[in-house]
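Note: the block below is start.txt and it holds compact mmCIF, C-alpha atoms.
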```txt
# COMPACT_ATOMS: atom_id res chain seq x y z
CA MET A 1 102.78 33.61 103.08
CA LYS A 2 103.12 36.69 105.24
CA LYS A 3 106.27 37.74 103.39
CA THR A 4 104.48 37.29 100.08
CA MET A 5 101.57 39.46 101.25
CA LYS A 6 103.95 42.12 102.46
CA LYS A 7 105.66 42.15 99.08
CA ILE A 8 102.32 42.45 97.31
CA ILE A 9 101.18 45.28 99.60
CA THR A 10 104.55 47.01 99.21
CA ALA A 11 104.30 46.71 95.43
CA ILE A 12 100.75 48.10 95.44
CA ILE A 13 101.82 51.04 97.59
CA PHE A 14 104.82 51.67 95.33
CA VAL A 15 102.72 51.62 92.14
CA THR A 16 100.03 53.80 93.76
CA THR A 17 102.67 56.29 94.84
CA ILE A 18 104.06 56.45 91.29
CA ILE A 19 100.59 56.92 89.81
CA PHE A 20 99.66 59.58 92.37
CA GLY A 21 102.96 61.36 91.87
CA ALA A 22 102.53 61.30 88.11
CA SER A 23 98.97 62.61 88.42
CA SER A 24 100.11 65.42 90.72
CA ALA A 25 102.97 66.31 88.41
CA TYR A 26 100.59 66.35 85.42
CA ALA A 27 98.10 68.51 87.34
CA ASN A 28 100.85 70.94 88.33
CA LEU A 29 102.18 71.08 84.76
CA SER A 30 98.67 71.62 83.45
CA ALA A 31 98.11 74.50 85.91
CA VAL A 32 101.43 76.07 84.94
CA ASN A 33 100.61 75.77 81.23
CA GLU A 34 97.20 77.36 81.73
CA ALA A 35 98.71 80.20 83.76
CA ARG A 36 101.19 80.82 80.95
CA SER A 37 98.39 80.77 78.38
CA ILE A 38 96.36 83.29 80.37
CA GLN A 39 99.44 85.50 80.82
CA LEU A 40 100.19 85.48 77.09
CA GLN A 41 96.60 86.29 76.20
CA ALA A 42 96.42 89.09 78.78
CA ASP A 43 99.77 90.53 77.66
CA SER A 44 98.56 90.63 74.07
CA LEU A 45 95.29 92.33 75.01
CA VAL A 46 96.94 95.00 77.15
CA ALA A 47 99.60 95.68 74.50
CA ALA A 48 96.78 96.64 72.13
CA VAL A 49 95.35 99.25 74.52
CA ASP A 50 95.89 102.86 73.46
CA GLU A 51 96.65 104.42 76.83
CA ASN A 52 96.51 107.99 75.56
CA SER A 53 92.95 107.40 74.38
CA LEU A 54 92.17 105.61 77.65
CA MET A 55 93.37 108.63 79.66
CA LEU A 56 91.20 110.97 77.62
CA ASP A 57 88.22 108.64 77.90
CA ALA A 58 88.58 108.65 81.68
CA MET A 59 88.64 112.46 81.76
CA GLU A 60 85.49 112.57 79.65
CA ASN A 61 83.54 109.79 81.43
CA VAL A 62 83.32 107.72 78.25
CA ILE A 63 80.98 104.73 78.60
CA ASP A 64 81.90 101.41 76.98
CA TYR A 65 78.53 99.75 76.41
CA SER A 66 80.18 96.40 75.76
CA VAL A 67 80.82 96.30 79.51
CA PRO A 68 77.75 94.91 81.33
CA LEU A 69 75.87 97.44 83.43
CA SER A 70 76.46 95.31 86.55
CA VAL A 71 80.22 95.60 86.03
CA ARG A 72 80.07 99.33 85.29
CA GLU A 73 78.08 99.91 88.46
CA SER A 74 80.55 97.89 90.52
CA ILE A 75 83.42 100.30 89.87
CA VAL A 76 84.32 102.61 92.75
CA VAL A 77 86.46 105.70 92.20
CA SER A 78 87.57 108.69 94.26
CA ALA A 79 90.17 111.43 94.33
CA ASP A 80 91.03 114.07 96.89
CA PHE A 81 93.50 116.75 97.83
CA SER A 82 95.06 116.88 101.31
CA PRO A 83 96.69 120.27 101.98
CA MET A 84 99.82 120.82 104.01
CA VAL A 85 99.52 122.68 107.28
CA GLY A 86 98.83 126.33 106.57
CA VAL A 87 97.55 125.68 103.03
CA ALA A 88 93.87 126.21 102.21
CA GLN A 89 91.72 123.14 101.54
CA ASP A 90 90.69 124.60 98.18
CA ALA A 91 94.24 125.34 97.05
CA ILE A 92 93.70 122.51 94.58
CA GLU A 93 90.15 121.73 93.49
CA LEU A 94 89.73 118.42 91.71
CA GLU A 95 87.24 117.27 89.12
CA VAL A 96 86.88 113.47 89.25
CA ASN A 97 85.92 111.39 86.21
CA SER A 98 86.34 107.77 85.17
CA THR A 99 85.81 105.03 82.61
CA VAL A 100 85.67 101.24 82.60
CA GLN A 101 86.34 99.43 79.35
CA LYS A 102 86.51 95.89 78.05
CA VAL A 103 90.05 94.99 77.06
CA GLY A 104 89.16 91.60 75.58
CA GLU A 105 88.43 87.96 76.37
CA ILE A 106 90.55 85.30 78.04
CA VAL A 107 89.88 81.70 76.92
CA ARG A 108 90.65 79.10 79.54
CA LYS A 109 91.75 75.53 78.89
CA ASN A 110 88.29 74.14 79.66
CA GLY A 111 86.70 76.50 77.16
CA ASP A 112 85.36 78.98 79.69
CA ILE A 113 85.65 82.63 78.69
CA ALA A 114 86.51 85.38 81.16
CA ASN A 115 86.37 89.07 80.31
CA MET A 116 89.30 91.37 80.94
CA TYR A 117 88.53 94.95 81.91
CA VAL A 118 90.34 98.13 82.85
CA ALA A 119 88.94 100.84 85.11
CA VAL A 120 90.53 104.28 85.27
CA VAL A 121 89.93 107.28 87.52
CA ALA A 122 91.10 110.71 86.39
CA ALA A 123 91.55 113.67 88.74
CA SER A 124 92.02 117.07 87.13
CA GLU A 125 92.72 120.35 88.87
CA VAL A 126 90.12 122.89 87.81
CA LYS A 127 90.54 126.64 87.75
CA VAL A 128 88.29 129.53 86.86
CA ASP A 129 89.78 131.86 84.26
CA ASP A 130 87.67 134.77 83.03
CA GLN A 131 84.53 133.08 84.34
CA TYR A 132 85.43 129.85 82.49
CA LYS A 133 85.99 126.74 84.54
CA GLY A 134 88.42 124.34 82.93
CA GLN A 135 90.95 121.59 83.57
CA HIS A 136 94.17 123.58 83.65
CA GLY A 137 96.27 122.27 86.52
CA ILE A 138 97.79 119.00 87.69
CA LYS A 139 96.22 115.77 86.45
CA ALA A 140 96.46 112.30 87.99
CA TRP A 141 95.22 108.87 86.95
CA ALA A 142 94.97 105.44 88.59
CA TYR A 143 94.29 102.22 86.67
CA VAL A 144 93.37 98.67 87.57
CA TYR A 145 93.34 95.86 85.01
CA TRP A 146 91.60 92.66 86.01
CA ILE A 147 90.18 89.35 84.78
CA ASP A 148 86.51 89.09 85.67
CA ASN A 149 85.57 85.52 86.54
CA LEU A 150 81.96 84.36 86.53
CA GLY A 151 81.03 83.03 89.95
CA THR A 152 84.52 83.26 91.47
CA LYS A 153 86.87 85.94 92.70
CA ASN A 154 88.30 88.40 90.22
CA GLU A 155 92.01 88.32 89.44
CA LEU A 156 94.23 91.39 89.38
CA TYR A 157 96.36 91.64 86.24
CA ALA A 158 98.04 95.02 86.58
CA ALA A 159 97.95 98.40 88.31
CA ALA A 160 99.18 101.66 86.83
CA ALA A 161 99.53 105.37 87.50
CA ASP A 162 99.99 108.46 85.40
CA TRP A 163 100.64 112.06 86.40
CA ASP A 164 100.80 115.31 84.48
CA PRO A 165 102.14 117.98 86.89
CA LYS A 166 101.86 120.86 84.43
CA ASP A 167 103.84 123.72 86.00
CA LYS A 168 103.93 122.23 89.51
CA VAL A 169 106.92 120.71 91.26
CA VAL A 170 106.06 117.20 92.48
CA ASN A 171 107.74 114.34 94.31
CA ASN A 172 107.03 111.29 96.52
CA ARG A 173 105.09 109.37 93.88
CA GLN A 174 103.42 106.27 95.26
CA VAL A 175 101.33 103.38 93.93
CA ARG A 176 99.52 100.88 96.17
CA TYR A 177 97.51 97.90 94.98
CA GLY A 178 95.92 94.77 96.40
CA THR A 179 92.52 93.73 97.76
CA THR A 180 90.31 95.63 100.20
CA ASP A 181 86.94 95.28 101.85
CA VAL A 182 84.10 96.69 99.77
CA ALA A 183 83.97 99.83 101.93
CA TRP A 184 87.71 100.52 101.37
CA LEU A 185 88.31 100.68 105.10
CA LEU A 186 90.98 97.97 105.22
CA TRP A 187 93.50 96.39 102.90
CA LEU A 188 92.77 92.66 103.11
CA ASP A 189 95.67 91.34 101.06
CA GLY A 190 98.67 93.59 100.55
CA PRO A 191 99.02 96.27 99.60
CA THR A 192 102.07 96.13 97.43
CA ILE A 193 103.66 99.58 97.59
CA LYS A 194 105.80 101.03 94.81
CA TYR A 195 107.68 104.32 94.65
CA PRO A 196 108.11 105.26 90.98
CA THR A 197 110.47 108.07 90.04
CA GLU A 198 108.77 108.90 86.74
CA ASN A 199 105.33 110.29 85.96
CA TYR A 200 104.16 106.96 84.56
CA ALA A 201 104.26 103.59 86.29
CA TYR A 202 102.86 100.18 85.30
CA TYR A 203 103.05 97.00 87.40
CA GLU A 204 101.93 93.53 86.34
CA ASP A 205 101.04 91.34 89.31
CA SER A 206 98.79 88.29 89.19
CA SER A 207 99.19 87.38 92.86
CA TYR A 208 95.98 89.11 94.02
CA SER A 209 92.40 87.90 93.74
CA GLY A 210 89.40 88.95 95.76
CA LEU A 211 86.12 90.78 96.11
CA THR A 212 87.56 94.25 95.58
CA LEU A 213 90.75 94.87 93.61
CA ARG A 214 92.06 98.34 94.26
CA CYS A 215 94.77 100.70 93.05
CA GLN A 216 95.66 103.87 94.91
CA THR A 217 98.07 106.52 93.64
CA LYS A 218 99.55 109.49 95.48
CA ILE A 219 101.75 112.40 94.54
CA ASP A 220 102.96 115.34 96.61
CA VAL A 221 102.77 118.83 95.18
CA VAL A 222 105.74 120.55 96.82
CA ASN A 223 104.72 123.10 99.48
CA VAL A 224 101.03 122.54 98.69
CA GLY A 225 99.76 119.05 99.54
CA THR A 226 98.96 115.54 98.28
CA VAL A 227 96.72 114.40 95.43
CA THR A 228 95.34 110.88 95.92
CA CYS A 229 93.39 108.73 93.43
CA ASN A 230 91.57 105.45 94.04
CA VAL A 231 89.96 102.99 91.65
CA GLY A 232 88.50 99.63 92.55
CA SER A 233 86.56 96.75 91.02
CA ARG A 234 84.14 94.58 92.98
CA VAL A 235 83.03 91.06 92.18
CA VAL A 236 79.51 91.11 90.80
CA THR A 237 77.00 88.57 89.54
CA ARG A 238 76.64 88.95 85.81
```

Render the structure in this file as structure tokens.
Amino acid sequence: MKKTMKKIITAIIFVTTIIFGASSAYANLSAVNEARSIQLQADSLVAAVDENSLMLDAMENVIDYSVPLSVRESIVVSADFSPMVGVAQDAIELEVNSTVQKVGEIVRKNGDIANMYVAVVAASEVKVDDQYKGQHGIKAWAYVYWIDNLGTKNELYAAAADWDPKDKVVNNRQVRYGTTDVAWLLWLDGPTIKYPTENYAYYEDSSYSGLTLRCQTKIDVVNVGTVTCNVGSRVVTR
């Protein structure tokens, strides 16, 4: 009798293990398939973005009214110039502008729809020529693409940088991205640091999610100083 009970219990455990294993495998496969679906949708949306227009829109503070006001107000941008020792603080004066635009919609397996956005900060060196103040010098941009989830943390999709040195000699390009606290005092997750050798850099990375997704770009103007740009998106209640 005892042996029979043991066999029955063993059989039950065996069948339960198979069922649980199959359920786990199905859940994992389902998660992988959804991740692939989201990636394909996001890739398609970003491929349709006209980056030249996006750069100009950032320089002109273009407002995309399809982006909810709460999202537009959650974007944080900054740019600054740090001079080398012996160089005047105003050797490079920057005008800082930005834009945030809706890239498209991501449809999840359960039917939920998440919006995909891009925020861009543009820093332009300004000079006064014949009493006219204009954007004539070095220009720098920082981008962050993200999937905005209702009620949960946002997901980073990509970070990018663009530089237009004009007549300046530049080096030591750097891109950092990850998550930070809302005050930008600390990197909470990351950052991933890249050192591009060209004046354009684009990095897809879906490994970050959090309250504030941030991209920081830096470039050294030889014998002058460093131009730094920051752009970040906070989670908001829509």

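Among the candidates A:Val235, A:Ala48, A:Cys215, A:Val126, the one nearest to A:Ala91 when counting only C-alpha atoms is A:Val126.
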
Using only C-alpha atoms, I'd like a table of the residues in stretch 52-138 of chain A that come within 10 Å of stretch 203-213 of chain A; for each, show the closest atom pair and its distance in Å rounded to one decimal, ordered by chain and ascending number, as a Markdown table.
```
| residue | atom | partner | partner_atom | distance |
| --- | --- | --- | --- | --- |
| A:Ser74 | CA | A:Thr212 | CA | 9.4 |
| A:Ile75 | CA | A:Thr212 | CA | 9.3 |
| A:Val76 | CA | A:Thr212 | CA | 9.4 |
```

- Item | Interatomic distance (Å, one decimal) between atom CA of A:Ser82 and atom CA of A:Gly225 |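 Between atom CA of A:Ser82 and atom CA of A:Gly225 the gap is 5.5 Å.
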
- Task: Name all residues at most 12 Å from A:Asp164 (count all atoms listed in the file; drop same-chain ones fewer than 6 positions away) and give them as a list in words.
- Result: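 Everything that qualifies: Met55, Ala122, Ala123, Ser124, Glu125, Gln135, His136, Gly137, Ile138, Lys139, Ala140, Trp141, Val170, Arg173, Glu198, Asn199, Tyr200, Ile219, Val221 and Val227 of chain A.
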
For the residues in that selection, give me C-alpha atoms as a PDB file, in the coordinates of the input.
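Okay, this is what ended up in part.pdb:
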```pdb
ATOM      1  CA  MET A  55      93.370 108.630  79.660  1.00  0.00           C
ATOM      2  CA  ALA A 122      91.100 110.710  86.390  1.00  0.00           C
ATOM      3  CA  ALA A 123      91.550 113.670  88.740  1.00  0.00           C
ATOM      4  CA  SER A 124      92.020 117.070  87.130  1.00  0.00           C
ATOM      5  CA  GLU A 125      92.720 120.350  88.870  1.00  0.00           C
ATOM      6  CA  GLN A 135      90.950 121.590  83.570  1.00  0.00           C
ATOM      7  CA  HIS A 136      94.170 123.580  83.650  1.00  0.00           C
ATOM      8  CA  GLY A 137      96.270 122.270  86.520  1.00  0.00           C
ATOM      9  CA  ILE A 138      97.790 119.000  87.690  1.00  0.00           C
ATOM     10  CA  LYS A 139      96.220 115.770  86.450  1.00  0.00           C
ATOM     11  CA  ALA A 140      96.460 112.300  87.990  1.00  0.00           C
ATOM     12  CA  TRP A 141      95.220 108.870  86.950  1.00  0.00           C
ATOM     13  CA  VAL A 170     106.060 117.200  92.480  1.00  0.00           C
ATOM     14  CA  ARG A 173     105.090 109.370  93.880  1.00  0.00           C
ATOM     15  CA  GLU A 198     108.770 108.900  86.740  1.00  0.00           C
ATOM     16  CA  ASN A 199     105.330 110.290  85.960  1.00  0.00           C
ATOM     17  CA  TYR A 200     104.160 106.960  84.560  1.00  0.00           C
ATOM     18  CA  ILE A 219     101.750 112.400  94.540  1.00  0.00           C
ATOM     19  CA  VAL A 221     102.770 118.830  95.180  1.00  0.00           C
ATOM     20  CA  VAL A 227      96.720 114.400  95.430  1.00  0.00           C
TER      21      VAL A 227
END
```

- Item | Minimum-distance residue to A:Ile147, chosen among A:Val175, A:Val224, A:Val71, A:Ile92 (using only C-alpha atoms) | A:Val71

Would it be fine to have stretch 203-229 of chain A, with C-alpha atoms, given as a PDB file, in the first residue's frame?
```
ATOM      1  CA  TYR A 203      22.924  53.408 -29.784  1.00  0.00           C
ATOM      2  CA  GLU A 204      19.934  51.110 -29.365  1.00  0.00           C
ATOM      3  CA  ASP A 205      19.676  49.706 -25.848  1.00  0.00           C
ATOM      4  CA  SER A 206      16.503  48.356 -24.250  1.00  0.00           C
ATOM      5  CA  SER A 207      18.152  47.326 -20.977  1.00  0.00           C
ATOM      6  CA  TYR A 208      17.198  50.493 -19.066  1.00  0.00           C
ATOM      7  CA  SER A 209      13.868  51.418 -17.520  1.00  0.00           C
ATOM      8  CA  GLY A 210      13.154  53.890 -14.765  1.00  0.00           C
ATOM      9  CA  LEU A 211      11.803  57.194 -13.557  1.00  0.00           C
ATOM     10  CA  THR A 212      14.258  59.342 -15.495  1.00  0.00           C
ATOM     11  CA  LEU A 213      15.925  58.174 -18.700  1.00  0.00           C
ATOM     12  CA  ARG A 214      18.868  60.373 -19.552  1.00  0.00           C
ATOM     13  CA  CYS A 215      21.391  60.913 -22.328  1.00  0.00           C
ATOM     14  CA  GLN A 216      24.466  63.069 -21.872  1.00  0.00           C
ATOM     15  CA  THR A 217      26.877  64.014 -24.654  1.00  0.00           C
ATOM     16  CA  LYS A 218      30.272  65.681 -24.406  1.00  0.00           C
ATOM     17  CA  ILE A 219      32.811  66.955 -26.878  1.00  0.00           C
ATOM     18  CA  ASP A 220      36.120  68.746 -26.315  1.00  0.00           C
ATOM     19  CA  VAL A 221      36.949  71.800 -28.366  1.00  0.00           C
ATOM     20  CA  VAL A 222      40.740  71.620 -28.592  1.00  0.00           C
ATOM     21  CA  ASN A 223      42.509  74.278 -26.493  1.00  0.00           C
ATOM     22  CA  VAL A 224      39.153  75.813 -25.506  1.00  0.00           C
ATOM     23  CA  GLY A 225      36.972  73.548 -23.351  1.00  0.00           C
ATOM     24  CA  THR A 226      34.090  71.053 -23.242  1.00  0.00           C
ATOM     25  CA  VAL A 227      30.528  71.339 -24.512  1.00  0.00           C
ATOM     26  CA  THR A 228      28.066  69.121 -22.624  1.00  0.00           C
ATOM     27  CA  CYS A 229      24.407  68.411 -23.449  1.00  0.00           C
TER      28      CYS A 229
END
```
